[in-house]
$ cat protein_0.txt   # compact mmCIF, C-alpha atoms and all ligand atoms
# COMPACT_ATOMS: atom_id res chain seq x y z
CA MET A 40 45.70 -109.66 35.59
CA THR A 41 43.33 -109.59 38.61
CA GLU A 42 46.04 -111.03 40.88
CA GLN A 43 48.01 -107.82 40.51
CA LEU A 44 45.17 -105.68 41.88
CA SER A 45 45.27 -104.73 45.54
CA ASP A 46 42.11 -105.33 47.52
CA LYS A 47 41.34 -101.62 47.56
CA SER A 48 41.83 -101.29 43.81
CA LYS A 49 39.71 -104.34 43.13
CA GLN A 50 36.80 -102.96 45.16
CA ALA A 51 37.09 -99.66 43.30
CA LEU A 52 37.10 -101.43 39.95
CA ILE A 53 34.07 -103.50 40.87
CA ASN A 54 32.22 -100.38 41.96
CA LEU A 55 32.98 -98.61 38.68
CA LEU A 56 31.91 -101.63 36.64
CA TYR A 57 28.57 -101.74 38.46
CA GLN A 58 28.02 -98.08 37.60
CA LEU A 59 28.76 -98.69 33.92
CA ALA A 60 26.72 -101.89 33.71
CA ASP A 61 23.71 -100.64 35.66
CA ASP A 62 23.59 -97.37 33.68
CA ASP A 63 23.39 -99.14 30.34
CA PHE A 64 21.07 -101.83 31.64
CA ILE A 65 18.35 -99.54 32.95
CA LEU A 66 18.52 -97.08 30.05
CA ALA A 67 18.21 -99.94 27.55
CA PHE A 68 15.16 -101.14 29.46
CA ARG A 69 13.54 -97.69 29.42
CA GLY A 70 14.28 -97.60 25.71
CA SER A 71 12.68 -100.99 25.14
CA GLU A 72 9.45 -99.62 26.62
CA TRP A 73 9.19 -97.40 23.53
CA LEU A 74 8.99 -100.39 21.20
CA GLY A 75 5.98 -99.86 18.98
CA LEU A 76 5.40 -96.39 20.44
CA ALA A 77 8.23 -94.38 18.87
CA PRO A 78 7.19 -91.36 16.75
CA HIS A 79 7.51 -93.26 13.46
CA ILE A 80 8.42 -96.67 12.08
CA GLU A 81 12.01 -95.76 11.14
CA GLU A 82 12.58 -94.53 14.66
CA ASP A 83 11.13 -97.73 16.05
CA VAL A 84 13.74 -99.73 14.11
CA ALA A 85 16.59 -97.39 15.00
CA TYR A 86 15.77 -97.02 18.68
CA SER A 87 15.34 -100.76 19.24
CA SER A 88 18.68 -101.35 17.53
CA ILE A 89 20.31 -98.80 19.85
CA ASN A 90 18.72 -100.48 22.86
CA GLN A 91 20.00 -103.85 21.72
CA ASP A 92 23.54 -102.42 21.45
CA THR A 93 23.23 -100.76 24.84
CA MET A 94 22.00 -103.96 26.49
CA GLY A 95 25.00 -105.65 24.85
CA HIS A 96 27.30 -103.12 26.51
CA ALA A 97 25.66 -103.79 29.89
CA ALA A 98 26.11 -107.54 29.34
CA MET A 99 29.79 -107.02 28.60
CA PHE A 100 30.32 -104.98 31.80
CA TYR A 101 28.41 -107.58 33.83
CA LYS A 102 30.67 -110.23 32.26
CA LEU A 103 33.74 -108.33 33.49
CA LEU A 104 32.15 -108.41 36.96
CA GLU A 105 31.53 -112.13 36.63
CA ASP A 106 35.21 -112.58 35.72
CA LEU A 107 36.10 -110.74 38.95
CA GLY A 108 34.06 -113.23 40.97
CA GLU A 109 30.92 -111.15 41.50
CA GLY A 110 28.55 -113.90 40.36
CA ASP A 111 26.65 -114.96 37.29
CA VAL A 112 25.78 -112.39 34.58
CA ASP A 113 22.03 -113.11 34.61
CA GLU A 114 21.92 -112.87 38.37
CA LEU A 115 23.88 -109.61 38.41
CA SER A 116 21.56 -108.01 35.88
CA HIS A 117 18.26 -109.40 37.15
CA ALA A 118 18.40 -110.43 40.79
CA ARG A 119 19.97 -107.38 42.46
CA LYS A 120 17.59 -105.21 44.48
CA SER A 121 17.22 -101.50 43.78
CA THR A 122 19.29 -100.55 46.83
CA LEU A 123 22.25 -102.43 45.35
CA ARG A 124 21.98 -100.71 41.97
CA LYS A 125 24.59 -98.10 41.12
CA ASN A 126 22.94 -96.52 38.07
CA ALA A 127 22.37 -92.78 37.79
CA VAL A 128 18.85 -91.80 38.83
CA MET A 129 18.24 -89.81 35.63
CA LEU A 130 18.39 -93.07 33.66
CA GLU A 131 15.80 -94.91 35.75
CA LEU A 132 13.02 -92.30 35.65
CA ALA A 133 9.87 -93.44 33.86
CA ASN A 134 9.42 -92.38 30.24
CA GLY A 135 6.37 -90.41 31.29
CA PRO A 136 2.91 -90.89 32.73
CA GLY A 137 0.95 -94.04 32.05
CA HIS A 138 2.09 -97.61 31.59
CA TYR A 139 3.53 -99.52 28.64
CA LEU A 140 0.34 -101.59 28.39
CA LYS A 141 -2.09 -98.86 29.41
CA GLU A 142 -2.19 -95.28 28.13
CA PRO A 143 1.53 -94.71 27.74
CA ASN A 144 1.71 -90.91 27.59
CA TYR A 145 5.44 -91.04 27.25
CA ASP A 146 7.53 -87.93 26.82
CA TRP A 147 9.57 -88.07 23.61
CA ALA A 148 11.37 -84.79 24.31
CA PHE A 149 12.64 -86.13 27.64
CA THR A 150 13.68 -89.36 25.94
CA VAL A 151 15.68 -87.48 23.32
CA VAL A 152 17.32 -85.20 25.89
CA ARG A 153 18.08 -88.05 28.29
CA ASN A 154 19.65 -90.16 25.54
CA TYR A 155 21.56 -87.24 24.05
CA TYR A 156 23.02 -86.12 27.38
CA TYR A 157 23.79 -89.69 28.34
CA SER A 158 25.44 -90.54 25.00
CA GLN A 159 27.64 -87.44 25.26
CA ALA A 160 28.65 -88.36 28.82
CA LYS A 161 29.20 -91.97 27.82
CA LYS A 162 31.43 -90.82 24.96
CA VAL A 163 33.57 -88.82 27.41
CA LYS A 164 33.84 -91.78 29.79
CA ILE A 165 34.52 -94.36 27.09
CA ASP A 166 37.29 -92.20 25.62
CA SER A 167 38.87 -92.09 29.06
CA LEU A 168 38.32 -95.82 29.64
CA LYS A 169 40.25 -96.61 26.46
CA GLN A 170 43.34 -95.70 28.52
CA SER A 171 42.16 -97.61 31.60
CA SER A 172 44.86 -99.38 33.58
CA TYR A 173 42.60 -102.46 33.61
CA LYS A 174 43.19 -103.94 30.15
CA PRO A 175 39.91 -105.90 29.83
CA LEU A 176 38.00 -102.66 30.50
CA ALA A 177 40.12 -100.72 28.00
CA ASP A 178 39.41 -103.42 25.37
CA ALA A 179 35.69 -103.26 26.12
CA ALA A 180 35.76 -99.47 25.76
CA VAL A 181 37.18 -99.73 22.24
CA LYS A 182 34.31 -102.06 21.31
CA VAL A 183 31.64 -99.84 22.86
CA SER A 184 33.08 -96.75 21.21
CA MET A 185 32.44 -98.05 17.70
CA GLU A 186 28.75 -98.57 18.41
CA LEU A 187 28.31 -95.47 20.54
CA TYR A 188 29.49 -93.45 17.53
CA TYR A 189 26.22 -94.25 15.76
CA HIS A 190 24.08 -93.66 18.84
CA LEU A 191 25.53 -90.21 19.26
CA LEU A 192 24.94 -89.37 15.60
CA HIS A 193 21.33 -90.47 15.97
CA TRP A 194 20.51 -88.52 19.14
CA THR A 195 22.33 -85.43 17.91
CA VAL A 196 20.02 -85.23 14.91
CA TRP A 197 16.91 -85.50 17.11
CA PHE A 198 18.24 -83.06 19.72
CA LYS A 199 19.13 -80.37 17.22
CA GLN A 200 16.13 -80.73 14.96
CA LEU A 201 13.52 -80.64 17.71
CA ILE A 202 15.04 -77.47 19.13
CA GLN A 203 15.45 -75.87 15.71
CA ALA A 204 11.82 -76.67 14.93
CA GLY A 205 10.81 -73.97 17.42
CA GLY A 206 7.28 -73.63 18.79
CA GLU A 207 5.90 -76.41 20.97
CA ALA A 208 8.77 -78.78 20.12
CA LYS A 209 11.37 -76.32 21.36
CA GLU A 210 9.34 -75.53 24.47
CA LYS A 211 9.08 -79.23 25.34
CA MET A 212 12.80 -79.69 24.75
CA ILE A 213 13.71 -76.78 27.03
CA ASN A 214 11.54 -78.28 29.78
CA ALA A 215 13.06 -81.71 29.19
CA ILE A 216 16.57 -80.23 29.47
CA LYS A 217 15.62 -78.77 32.88
CA LYS A 218 14.26 -82.11 34.00
CA ALA A 219 17.35 -84.02 32.81
CA GLU A 220 19.81 -81.52 34.34
CA ALA A 221 18.02 -81.77 37.70
CA ASP A 222 19.33 -85.33 38.01
CA PHE A 223 22.29 -85.33 35.66
CA GLY A 224 24.88 -84.78 38.43
CA ASP A 225 24.65 -88.49 39.06
CA VAL A 226 25.73 -89.47 35.55
CA LEU A 227 29.11 -87.75 35.87
CA SER A 228 29.62 -88.91 39.48
CA LEU A 229 31.99 -91.78 40.21
CA GLY A 230 30.39 -92.50 43.57
CA PRO A 231 31.78 -93.20 47.04
CA LEU A 232 34.99 -94.83 45.80
CA ALA A 233 35.78 -92.10 43.26
CA GLU A 234 39.19 -91.40 44.73
CA ASP A 235 40.35 -95.03 44.64
CA ILE A 236 38.89 -95.47 41.15
CA VAL A 237 40.90 -92.53 39.83
CA GLN A 238 44.06 -93.34 41.78
CA SER A 239 44.13 -96.85 40.34
CA GLY A 240 43.97 -95.35 36.87
CA PHE A 241 40.71 -97.01 35.88
CA ILE A 242 39.20 -93.73 34.61
CA GLU A 243 39.96 -90.00 34.87
CA SER A 244 38.51 -87.86 37.66
CA GLU A 245 34.99 -86.44 37.81
CA THR A 246 36.46 -82.97 37.29
CA VAL A 247 38.26 -83.99 34.11
CA LEU A 248 35.23 -85.87 32.80
CA THR A 249 32.86 -83.00 33.60
CA GLN A 250 35.11 -80.48 31.87
CA ALA A 251 35.30 -82.68 28.80
CA PHE A 252 31.52 -82.93 28.86
CA HIS A 253 31.05 -79.15 28.97
CA LYS A 254 33.51 -78.81 26.13
CA ARG A 255 31.32 -81.03 23.96
CA MET A 256 27.99 -79.47 24.99
CA ASP A 257 28.83 -75.78 25.00
CA PRO A 258 29.30 -75.38 21.23
CA VAL A 259 26.14 -77.38 20.54
CA PHE A 260 24.04 -75.03 22.66
CA GLN A 261 25.76 -72.00 21.16
CA GLY A 262 24.95 -73.27 17.68
CA LEU A 263 21.32 -73.63 18.71
CA SER A 264 21.26 -70.18 20.34
CA ILE A 265 19.99 -71.48 23.67
CA PRO A 266 21.69 -70.99 27.04
CA TYR A 267 23.78 -73.84 28.44
CA SER A 268 23.61 -73.85 32.24
CA GLY A 269 26.35 -76.42 32.84
CA ARG A 270 24.92 -76.90 36.34
CA PHE A 271 23.60 -80.29 37.32
CA GLN A 272 21.78 -81.52 40.42
CA GLN A 273 20.73 -84.80 41.98
CA ILE A 274 17.26 -83.91 43.22
CA ASN A 275 15.88 -87.46 43.20
CA GLY A 276 18.80 -89.07 44.99
CA LYS A 277 22.35 -90.22 44.44
CA GLY A 278 22.22 -93.39 42.42
CA ARG A 279 25.90 -94.19 42.83
CA TYR A 280 25.22 -94.43 46.59
CA GLY A 281 22.27 -96.78 46.17
CA GLU A 282 19.62 -94.05 46.47
CA HIS A 283 16.85 -94.67 43.98
CA THR A 284 13.27 -93.81 43.16
CA GLU A 285 10.12 -95.90 43.33
CA GLU A 286 10.26 -95.81 39.52
CA LEU A 287 13.35 -98.05 39.57
CA VAL A 288 11.66 -100.50 41.93
CA GLN A 289 8.73 -100.77 39.52
CA ALA A 290 11.03 -101.15 36.52
CA LEU A 291 12.97 -103.97 38.21
CA ASP A 292 9.71 -105.74 39.11
CA THR A 293 8.80 -105.76 35.42
CA ILE A 294 12.27 -106.81 34.27
CA ASN A 295 12.46 -109.62 36.82
CA GLU A 296 9.09 -111.15 36.15
CA VAL A 297 10.36 -113.89 33.86
CA TYR A 298 13.64 -114.36 35.69
CA LYS A 299 11.82 -114.96 38.99
CA ILE A 300 9.63 -117.65 37.45
CA ASN A 301 12.65 -119.57 36.21
CA PRO A 302 16.16 -118.31 37.04
CA LYS A 303 17.61 -121.15 34.96
CA ALA A 304 15.87 -120.07 31.77
CA VAL A 305 18.23 -119.57 28.84
CA TRP A 306 18.23 -116.01 27.44
CA MET B 75 43.53 -115.55 11.04
CA GLU B 76 46.53 -116.81 12.94
CA TRP B 77 47.46 -120.45 13.56
CA ARG B 78 49.42 -121.44 16.68
CA THR B 79 49.16 -125.19 16.53
CA GLU B 80 51.13 -128.38 16.35
CA PHE B 81 48.74 -129.70 13.73
CA THR B 82 49.82 -130.85 10.31
CA ARG B 83 49.02 -128.68 7.30
CA ASP B 84 46.31 -131.15 6.36
CA GLN B 85 44.72 -130.98 9.81
CA GLU B 86 44.70 -127.18 9.68
CA ASN B 87 43.04 -127.33 6.27
CA GLN B 88 40.35 -129.60 7.66
CA ILE B 89 39.63 -127.15 10.48
CA GLU B 90 39.51 -124.25 8.03
CA GLU B 91 37.10 -126.15 5.79
CA ALA B 92 34.89 -126.89 8.78
CA LEU B 93 34.87 -123.22 9.75
CA MET B 94 33.97 -122.23 6.19
CA THR B 95 30.69 -124.12 6.70
CA VAL B 96 29.78 -121.93 9.69
CA LYS B 97 27.71 -119.09 8.30
CA ASP B 98 26.36 -115.93 9.84
CA PRO B 99 22.91 -117.06 11.09
CA GLU B 100 21.42 -113.83 9.74
CA ILE B 101 23.29 -113.69 6.42
CA ASP B 102 23.68 -117.31 5.40
CA SER B 103 25.87 -116.69 2.35
CA ILE B 104 28.89 -115.56 4.36
CA SER B 105 31.09 -117.62 6.69
CA VAL B 106 32.65 -116.57 9.97
CA ILE B 107 36.05 -116.72 8.27
CA GLU B 108 34.95 -114.40 5.46
CA LEU B 109 33.50 -112.03 8.05
CA GLY B 110 36.94 -111.82 9.63
CA MET B 111 35.65 -113.06 12.98
CA ILE B 112 38.25 -115.82 13.52
CA GLU B 113 41.36 -114.27 15.07
CA LEU B 114 43.41 -117.14 16.40
CA ILE B 115 43.44 -120.92 16.41
CA LYS B 116 45.51 -122.78 18.98
CA GLY B 117 45.82 -126.52 19.31
CA CYS B 118 47.80 -129.68 19.74
CA HIS B 119 47.14 -133.43 19.54
CA ASN B 120 43.36 -133.74 19.67
CA GLN B 121 42.49 -130.34 21.17
CA VAL B 122 41.63 -127.05 19.56
CA SER B 123 40.83 -123.57 20.91
CA ILE B 124 39.25 -121.02 18.62
CA TYR B 125 39.36 -117.31 19.47
CA VAL B 126 36.52 -115.35 17.92
CA LEU B 127 35.93 -111.59 17.66
CA PRO B 128 32.30 -110.57 18.24
CA THR B 129 31.01 -108.14 15.62
CA PHE B 130 28.41 -106.12 17.53
CA MET B 131 28.12 -106.51 21.31
CA GLY B 132 24.38 -106.99 21.55
CA CYS B 133 24.22 -109.35 18.59
CA PRO B 134 21.95 -112.24 19.59
CA ALA B 135 23.58 -114.44 16.94
CA LEU B 136 26.83 -114.77 18.91
CA ASP B 137 25.67 -117.73 21.00
CA ILE B 138 24.41 -119.48 17.88
CA ILE B 139 27.71 -118.84 16.11
CA LYS B 140 29.62 -120.29 19.05
CA SER B 141 27.60 -123.50 19.10
CA ASN B 142 27.75 -123.81 15.30
CA ILE B 143 31.55 -123.54 15.39
CA LEU B 144 31.71 -126.25 18.05
CA LYS B 145 29.39 -128.44 16.00
CA ALA B 146 31.43 -127.95 12.83
CA VAL B 147 34.81 -128.83 14.34
CA SER B 148 33.43 -131.76 16.30
CA SER B 149 32.65 -133.35 12.92
CA LEU B 150 36.41 -133.95 12.64
CA SER B 151 36.87 -137.37 14.22
CA TRP B 152 40.50 -136.82 15.24
CA LEU B 153 39.53 -133.85 17.45
CA GLU B 154 38.35 -134.73 20.92
CA GLN B 155 38.19 -131.35 22.60
CA ALA B 156 37.16 -127.99 21.19
CA ALA B 157 36.58 -124.65 22.85
CA VAL B 158 35.45 -121.26 21.56
CA PHE B 159 36.41 -118.00 23.27
CA PHE B 160 35.13 -114.51 22.45
CA ILE B 161 37.87 -111.91 22.77
CA TYR B 162 37.82 -108.10 22.32
CA ASP B 163 41.45 -107.49 21.47
CA PRO B 164 41.85 -106.77 18.63
CA PRO B 165 38.36 -105.39 18.12
CA TRP B 166 36.42 -106.60 15.10
CA THR B 167 36.24 -103.87 12.47
CA SER B 168 34.38 -103.93 9.18
CA ASP B 169 37.61 -103.86 7.15
CA ARG B 170 38.23 -107.42 8.35
CA VAL B 171 35.59 -108.70 5.91
CA THR B 172 37.58 -110.48 3.20
CA GLU B 173 37.34 -109.83 -0.56
CA GLU B 174 35.35 -113.07 -1.01
CA GLY B 175 33.24 -112.03 1.96
CA ARG B 176 32.36 -108.76 0.27
CA GLU B 177 31.16 -110.71 -2.79
CA ARG B 178 29.12 -113.12 -0.61
CA LEU B 179 27.37 -110.13 1.01
CA LYS B 180 26.39 -108.76 -2.39
CA GLU B 181 24.95 -112.16 -3.34
CA PHE B 182 22.68 -111.81 -0.33
CA GLY B 183 21.62 -108.31 -1.45
CA ILE B 184 23.70 -106.53 1.17
CA ALA B 185 26.23 -103.91 0.15
CA PRO B 186 29.63 -104.58 1.72
CA PRO B 187 30.82 -102.06 4.33
CA PRO B 188 32.21 -98.89 2.72
CA GLU B 189 35.96 -98.56 3.00
CA LYS B 190 35.93 -94.79 3.38
CA ILE B 191 33.97 -92.53 5.76
CA ASP B 192 33.79 -88.72 5.47
CA GLU B 193 34.84 -86.51 8.35
CA THR B 194 31.18 -85.71 8.87
CA GLY B 195 30.51 -89.39 9.53
CA GLU B 196 28.75 -89.76 6.19
CA TRP B 197 29.46 -92.68 3.97
CA HIS B 198 28.36 -93.83 0.54
CA VAL B 199 27.86 -97.27 -0.89
CA ALA B 200 26.99 -98.59 -4.31
CA CYS B 201 23.74 -100.47 -4.85
CA PRO B 202 24.39 -104.25 -4.58
CA TYR B 203 21.91 -104.87 -7.43
CA CYS B 204 22.81 -102.33 -10.14
CA GLU B 205 26.12 -100.91 -8.81
CA SER B 206 24.78 -97.36 -9.06
CA ILE B 207 26.27 -94.91 -6.57
CA TYR B 208 23.06 -92.85 -6.76
CA THR B 209 21.89 -94.08 -3.34
CA THR B 210 20.54 -92.45 -0.19
CA MET B 211 20.60 -93.41 3.47
CA ASP B 212 17.16 -94.29 4.71
CA ASN B 213 18.00 -95.46 8.23
CA LEU B 214 21.44 -95.88 9.80
CA PHE B 215 19.90 -98.61 11.92
CA GLY B 216 18.56 -101.66 10.14
CA PRO B 217 16.94 -104.97 11.03
CA THR B 218 20.10 -106.23 12.73
CA ALA B 219 22.84 -104.44 14.65
CA CYS B 220 25.32 -104.63 11.78
CA ARG B 221 23.11 -103.34 8.95
CA SER B 222 21.76 -100.02 7.69
CA ILE B 223 18.86 -99.44 5.29
CA LEU B 224 19.46 -97.54 2.05
CA TYR B 225 17.57 -96.76 -1.14
CA CYS B 226 18.83 -96.90 -4.73
CA LYS B 227 17.48 -94.04 -6.81
CA ALA B 228 18.67 -95.68 -10.03
CA CYS B 229 16.93 -99.08 -9.82
CA LYS B 230 14.46 -97.92 -7.15
CA ASN B 231 15.23 -100.79 -4.81
CA PRO B 232 15.63 -100.52 -1.07
CA PHE B 233 18.70 -102.41 0.09
CA GLU B 234 20.85 -102.94 3.14
CA ALA B 235 24.51 -102.24 3.73
CA MET B 236 26.87 -103.52 6.36
CA LYS B 237 27.71 -100.63 8.68
CA PRO B 238 31.31 -99.50 8.65
CA VAL B 239 32.95 -99.73 12.06
CA SER B 240 36.51 -98.74 12.79
CA THR B 241 38.65 -97.90 15.78
CA LEU B 242 38.71 -94.27 14.60
CA MET B 243 35.12 -93.98 15.79
ZN ZN C 1 20.29 -100.11 -7.76
$ encode --input "protein_0.txt" --output "structure tokens"
Amino acid sequence: MTEQLSDKSKQALINLLYQLADDDFILAFRGSEWLGLAPHIEEDVAYSSINQDTMGHAAMFYKLLEDLGEGDVDELSHARKSTLRKNAVMLELANGPGHYLKEPNYDWAFTVVRNYYYSQAKKVKIDSLKQSSYKPLADAAVKVSMELYYHLLHWTVWFKQLIQAGGEAKEKMINAIKKAEADFGDVLSLGPLAEDIVQSGFIESETVLTQAFHKRMDPVFQGLSIPYSGRFQQINGKGRYGEHTEELVQALDTINEVYKINPKAVW
Amino acid sequence: MEWRTEFTRDQENQIEEALMTVKDPEIDSISVIELGMIELIKGCHNQVSIYVLPTFMGCPALDIIKSNILKAVSSLSWLEQAAVFFIYDPPWTSDRVTEEGRERLKEFGIAPPPEKIDETGEWHVACPYCESIYTTMDNLFGPTACRSILYCKACKNPFEAMKPVSTLM
């Protein structure tokens, strides 16, 4: 399978796989920081289950990279510096002020919005990846899709109910939407090799994906009687180009703590 | 489960029996065969390759299942080499759980995956204890990736159900 790929195509595929893997990896980590802190016990169970799935998706994408000769899965997930990461910046931002161990004043509204927007975008990408010209990626997409289905159901309920609740909840959600949209451009970006990625048939173009995204979001916002801007920025950097925040550096330091002590440890 | 081997019928039976002893580490009444996880078995002479479909991607039990399969088949003295591969095509779906498998799940207090899902994504299962269909969903996400938490209004027991997953999702 890999033998048939030209050098250019292979580099494009590798770049896309890093985006997919790094996105899921960092969001699952941010999610894991909520363990024990979620609004209620049922949410704690649900959210940790979602994070476990999402980390599983990251592991599968890293495995595809390993199969393409990029190195060992544990090393790819743990040992790469922030400048080598291709994840969208919106996914790396801290959950809120404070620290997991000390006064975590995390922002649940932002968490709901970030996960809802991301799950919708992931759905659009995964649907496109099911037709990927790279068969192992298309197979992986079918697997991810079945689990993502439940994630999307879950975040849709939170997203709608917190907005419909009105008052402070709605106000916080509107602010969280602004914050998420300020860095969401990254999520739908395919990065510096976008053209090669699309030409090789690995996934559809940013334009097609973005339109599909709007098509999913527009009716939701209409149903909630709130305006949908449909305009996204990248104010904290372009993650696909290796631009990241100090918040990612700190997150990686935490993630790598155990790995650095013993890279041979079995996970 | 497909066989592509040069083994005798008796040898294949021995492998199948060995695999029947490999249970889901988190639901120890059901085997990997009954879960529909074994897709293909290839082999000749003293070598066997077993192709396994992972259920949920982040399931931490997968590594344990792999080593348990290797342990089980290595108990057959005529086999000298065994390998286990996880593959994604075809994807594992909950309708692969066999009829016996569905019964084994109930024995463990877990309702088998529902065979039908509404267009809204809703699904209904009968209580594994009293068979009542007067049940409500408590949490789509349960203690493991493959299970949801429900409540039976008839016998007032909480119970778990295996989540339906299909390629239509
Ligand atoms: Zn009952």
$ residues_around --input "protein_0.txt" --residues "segment 198-206 of chain B" --least-positions-apart "4" --cutoff "6 Å" --atoms "all atoms listed in the file" --output "PyMOL selection string"
chain B and resi 180+183+185+188
$ atom_distance --input "protein_0.txt" --atom1 "atom CA of Asn213 of chain B" --atom2 "atom CA of Gln200 of chain A"
16.3 Å
$ interface_residues --input "protein_0.txt" --of "chain B" --to "chain A" --cutoff "12 Å" --atoms "all atoms listed in the file" --output "ChimeraX atom specification"
/B:127-138,160-168,194-196,211-224,237-243
$ closest_residue --input "protein_0.txt" --among "B:Thr82, B:Arg170, B:Gly175, B:Glu91" --to "Val147 of chain B" --atoms "all atoms listed in the file"
B:Glu91
$ residues_around --input "protein_0.txt" --residues "Ile115 of chain B" --least-positions-apart "4" --cutoff "10 Å" --atoms "all atoms listed in the file" --output "ChimeraX atom specification"
/B:75-79,86,89-90,122-126,158
$ atom_distance --input "protein_0.txt" --atom1 "atom CA of Gly278 of chain A" --atom2 "atom CA of Tyr157 of chain A"
14.6 Å
$ residues_around --input "protein_0.txt" --residues "Phe241 of chain A" --least-positions-apart "2" --cutoff "10 Å" --atoms "all atoms listed in the file" --output "number ranges by chain"
A: 48, 51-52, 55-56, 167-174, 176-177, 235-239, 243-244
$ closest_residue --input "protein_0.txt" --among "B:Cys229, B:Ile143, B:Met236, B:Ile101" --to "ligand ZN 1 (chain C)" --atoms "all atoms listed in the file"
B:Cys229
$ atom_distance --input "protein_0.txt" --atom1 "atom CA of Ser141 of chain B" --atom2 "atom CA of Asn87 of chain B"
20.4 Å
$ residues_near_point --input "protein_0.txt" --point "(23.5, -85.0, 39.5)" --cutoff "9 Å" --atoms "only C-alpha atoms" --output "list in words"
Ala127, Val128, Met129, Glu220, Ala221, Asp222, Phe223, Gly224, Asp225, Val226, Leu227, Ser228, Arg270, Phe271, Gln272, Gln273, Ile274, Asn275, Gly276, Lys277 and Gly278 of chain A
$ closest_residue --input "protein_0.txt" --among "B:Ala235, B:Ala92, B:Val171, B:Ile207" --to "ligand ZN 1 (chain C)" --atoms "all atoms listed in the file"
B:Ile207
$ closest_residue --input "protein_0.txt" --among "B:Arg176, B:Lys227, B:Arg83, B:Lys97" --to "ligand ZN 1 (chain C)" --atoms "all atoms listed in the file"
B:Lys227
$ closest_residue --input "protein_0.txt" --among "B:Leu150, B:Met111, B:Cys226, B:Ile104" --to "ligand ZN 1 (chain C)" --atoms "only C-alpha atoms and all ligand atoms"
B:Cys226
